Amino acid sequence: MSKPLRRQFDVLVVGGGPAGMAAAACAAACGCQVGIVDDNPDLGGQIWRRETTNPTSDAAQWAARLRVAGSEVLAGARVFHQPEPGILRAETAENLYELSFEKLVLATGAREGFLPFPGWTLPHVMGAGGLQALVKSGLAISGKRVVVAGSGPLLIAVAAYLRRHGAEIAMICEQAPWTSLVRFGAALLGQPQKIGQGFSLRKELSRVPFLASSWPIRAEDGEKLKAVTIRRGHAHERVFCDYLACGFHLLPNTELAALLGCRIEDEYVQVDELQQTTVPGVYCAGEPTGIGGVELSLAEGQIAGFAAAGRSENAKKLFHTRAKLNKFAKVLNRVFSPRAELKSLPQPETVVCRCEDVTYGRLRQHTSWRAAKLQTRCGMGPCQGRVCGPATQFLFDWRPDSVRPPIFPTRFENFAVTANHREPEHVEVTGGKQ
Amino acid sequence: MSELVTLTVNGQRVDVPADATVAVAIALAGAACRRSVTGERRGPLCGMGICFECRAVINGTRHCRSCQILCVSGMEVRTNE
């Protein structure tokens, strides 16, 4: 049985992206003992992956604020269980941790939405953010031809990033229609900072075709990707490419919040004006409370950090910024929600649950997520339904089950160390500790 | 230019930048990460540790998410299992 390493914090932050870094920096600046636990090798989350070392970036500025304020960072550590209120258990490749806290900030971020279509399981068909993450992690993309598809502002950002790294962007296929995109453009007018970003990205992507109401119908080839057929207007077009980077906007990571008993409505964690969830002392900031992007995450993170430190007067100064950004977020999510036609993409033989290879044909014989799970093992693999759960919710209108621990696959011995069977604390008697 | 580290993927020597993840080394070796339960070749999907499609055997430990683990000199990676 592994013996857990114990750490105690005034404020524990789960997630080291913009919201988590902001929360930790603010709480630590107020004098709290702060810990940050994050699954990735470095801080920055997905949007700031590998950016904290670029000195001119916002990421580096927040990393510096965090360093000055002081906190303990547990990177490469995944939270999987709450053995009792006030304690979370996390594991790294080597160790098991038991993290106790007075206040908790959940900043667990978002993942991409994936929708099944024939060929989406082929190697080199990835999420848009997924391919970007791999390139940030060292994958050479120079000279490769990439189709970027799906939905959301991330597509443009990813296309520009890949192009800067030498990729040829064959086209960007956005499923939303122009009529909705115009609404998004109008909402941008209230966000001067984002207009600037938008113009510079557009300039970078000059001569790259941007198609609205367009999406992948199928990806082909036996072992690796060769071509993608896309819907363009009312016609189909076959496009040769090395990679298909396809993600349908973003989904909040709410599994930990659900495990802790926080109220979740319409997929989002419900919070009060100080970002506190329905569980007292547990705060939530960033994408899990509503997909809104990095600026909103920073505002919410700061509010949560100050509130967790008992400084609501500091938190209140950010309410105005948050309100403005929230309005924009609402438009964003309306515009980029997937259209009903995408429900007809999977064919009977198309795999929907990638962990257990459960096809669309088998799933549609069932009437609920629970029945499908029991009969087909859909959602029972290691991703625990994080990919196929939202997909079946969209395809069949199924509702997910309640969340049970462990929320990530874990080594059995680590899960088996229960709070009731703790070994007695080892008492330090040497070393002159006071 | 960052330094290179050398590791093996299915016995084949691969040189990668020192801060690359194992998923990148597997791609460089031209391998897929795993075989699905019905035998399909699979590679990374999400790139952020959620989907578990990039699982590989690293230094004998099965089910490692290769997109979340940095390459270390001398690492032995096996795929397709």
# chains A, B, ... in the order shown; residues from 1 in each chain; ligands from 1
call {"tool": "select_by_dssp", "arguments": {"residues": "chain B", "states": "strand (DSSP E or B)", "output": "PyMOL selection string"}}
result
chain B and resi 4-9+12-17+21+34-35+41-42+55-58+61-65+70+76-78
call {"tool": "closest_atom_pairs", "arguments": {"of": "chain A", "to": "chain B", "cutoff": "9 Å", "atoms": "only C-alpha atoms", "output": "Markdown table"}}
result
| residue | atom | partner | partner_atom | distance |
| --- | --- | --- | --- | --- |
| A:Asp39 | CA | B:Gln68 | CA | 7.8 |
| A:Asn40 | CA | B:Gln68 | CA | 6.0 |
| A:Pro41 | CA | B:Gln68 | CA | 6.6 |
| A:Gln46 | CA | B:Met48 | CA | 7.4 |
| A:Gly76 | CA | B:Gln68 | CA | 7.7 |
| A:Arg111 | CA | B:Ile50 | CA | 7.8 |
| A:Glu112 | CA | B:Cys46 | CA | 7.2 |
| A:Thr121 | CA | B:Arg42 | CA | 6.7 |
| A:Leu122 | CA | B:Arg42 | CA | 6.3 |
| A:Pro123 | CA | B:Gly43 | CA | 4.7 |
| A:His124 | CA | B:Gly43 | CA | 6.9 |
| A:Val125 | CA | B:Leu45 | CA | 7.0 |
| A:Met126 | CA | B:Leu45 | CA | 4.4 |
| A:Gly127 | CA | B:Cys46 | CA | 5.4 |
| A:Ala128 | CA | B:Cys46 | CA | 8.3 |
| A:Gly129 | CA | B:Cys46 | CA | 7.1 |
| A:Gly130 | CA | B:Gly47 | CA | 4.3 |
| A:Leu131 | CA | B:Gly47 | CA | 6.8 |
| A:Gln132 | CA | B:Gly47 | CA | 8.1 |
| A:Ala133 | CA | B:Gly47 | CA | 5.6 |
| A:Leu134 | CA | B:Gly47 | CA | 6.0 |
| A:Val135 | CA | B:Val24 | CA | 8.3 |
| A:Lys136 | CA | B:Ala20 | CA | 8.5 |
| A:Ser137 | CA | B:Ala20 | CA | 5.0 |
| A:Gly138 | CA | B:Ala20 | CA | 4.8 |
| A:Leu139 | CA | B:Val24 | CA | 5.3 |
| A:Ala140 | CA | B:Val24 | CA | 8.5 |
| A:Glu223 | CA | B:Arg41 | CA | 6.7 |
| A:Lys224 | CA | B:Arg41 | CA | 8.4 |
| A:Arg354 | CA | B:Ser36 | CA | 7.6 |
| A:Cys355 | CA | B:Ser36 | CA | 7.1 |
| A:Glu356 | CA | B:Val37 | CA | 6.2 |
| A:Asp357 | CA | B:Val37 | CA | 6.5 |
| A:Pro382 | CA | B:Phe52 | CA | 6.5 |
| A:Cys383 | CA | B:Cys51 | CA | 5.2 |
| A:Gln384 | CA | B:Cys51 | CA | 8.8 |
| A:Gly385 | CA | B:Cys51 | CA | 8.9 |
| A:Arg386 | CA | B:Cys51 | CA | 7.0 |
| A:Val387 | CA | B:Cys51 | CA | 6.5 |
call {"tool": "write_last_selection", "arguments": {"atoms": "C-alpha atoms", "output": "CSV table (one decimal), in the first residue's frame"}}
result
chain,number,residue,atom,x,y,z
A,39,ASP,CA,-2.1,17.3,-14.6
A,40,ASN,CA,0.2,18.9,-17.2
A,41,PRO,CA,4.0,19.0,-17.0
A,46,GLN,CA,-4.0,24.5,-22.6
A,76,GLY,CA,2.0,16.2,-13.5
A,111,ARG,CA,-11.7,20.3,-23.4
A,112,GLU,CA,-12.7,20.3,-27.1
A,121,THR,CA,-10.7,7.7,-35.3
A,122,LEU,CA,-7.8,7.6,-37.9
A,123,PRO,CA,-4.4,8.6,-36.7
A,124,HIS,CA,-3.7,12.3,-37.8
A,125,VAL,CA,-7.3,13.2,-37.2
A,126,MET,CA,-7.1,15.2,-34.0
A,127,GLY,CA,-8.7,18.0,-32.2
A,128,ALA,CA,-7.8,21.5,-33.4
A,129,GLY,CA,-6.4,22.4,-29.9
A,130,GLY,CA,-5.2,18.8,-29.9
A,131,LEU,CA,-2.9,19.3,-32.9
A,132,GLN,CA,-1.8,22.6,-31.6
A,133,ALA,CA,-0.9,21.1,-28.2
A,134,LEU,CA,1.2,18.4,-30.0
A,135,VAL,CA,3.0,21.0,-32.1
A,136,LYS,CA,3.7,23.1,-28.9
A,137,SER,CA,5.1,19.9,-27.5
A,138,GLY,CA,7.6,19.4,-30.3
A,139,LEU,CA,5.7,17.9,-33.3
A,140,ALA,CA,7.2,19.2,-36.6
A,223,GLU,CA,-3.9,3.3,-41.6
A,224,LYS,CA,-3.2,7.0,-41.7
A,354,ARG,CA,-13.3,5.2,-28.9
A,355,CYS,CA,-12.2,3.4,-25.7
A,356,GLU,CA,-14.5,0.4,-26.2
A,357,ASP,CA,-15.1,0.7,-30.0
A,382,PRO,CA,-10.3,5.0,-19.4
A,383,CYS,CA,-11.7,8.3,-20.7
A,384,GLN,CA,-14.8,7.6,-18.6
A,385,GLY,CA,-17.1,9.0,-21.2
A,386,ARG,CA,-15.3,12.4,-21.5
A,387,VAL,CA,-15.3,12.1,-25.3
call {"tool": "closest_residue", "arguments": {"among": "A:Gln191, A:Asn314, A:Ser71, A:Ser57", "to": "Phe9 in chain A", "atoms": "only C-alpha atoms"}}
result
A:Ser71
call {"tool": "closest_residue", "arguments": {"among": "A:Arg370, A:Arg67, A:Arg163, A:Arg238", "to": "Leu43 in chain A", "atoms": "only C-alpha atoms"}}
result
A:Arg67
call {"tool": "residues_around", "arguments": {"residues": "Val14 in chain A", "least_positions_apart": "5", "cutoff": "6 Å", "atoms": "only C-alpha atoms", "output": "MDAnalysis selection string"}}
result
chainID A and resid 36:37 106:107
call {"tool": "atom_distance", "arguments": {"atom1": "CA of Arg202 in chain A", "atom2": "CA of Phe248 in chain A"}}
result
20.2 Å
call {"tool": "atom_distance", "arguments": {"atom1": "CA of Ser200 in chain A", "atom2": "CA of Leu154 in chain A"}}
result
14.4 Å
call {"tool": "select_by_dssp", "arguments": {"residues": "chain B", "states": "alpha helix (DSSP H)", "output": "VMD selection string"}}
result
chain B and resid 22 to 28
call {"tool": "atom_distance", "arguments": {"atom1": "CA of Val158 in chain A", "atom2": "CA of Val294 in chain A"}}
result
15.0 Å
call {"tool": "closest_residue", "arguments": {"among": "A:Leu374, A:Cys241, A:Val11, A:Leu363", "to": "Gln347 in chain A", "atoms": "only C-alpha atoms"}}
result
A:Leu363
call {"tool": "closest_residue", "arguments": {"among": "A:Cys30, A:Ile217, A:Ala159, A:Leu298", "to": "Thr229 in chain A", "atoms": "only C-alpha atoms"}}
result
A:Ile217
call {"tool": "residues_around", "arguments": {"residues": "Pro405 in chain A", "least_positions_apart": "5", "cutoff": "8 Å", "atoms": "only C-alpha atoms", "output": "PyMOL selection string"}}
result
chain A and resi 80-82+259
call {"tool": "closest_residue", "arguments": {"among": "A:Gly389, A:Pro216, A:Gly290, A:Gly379", "to": "Leu342 in chain A", "atoms": "only C-alpha atoms"}}
result
A:Pro216
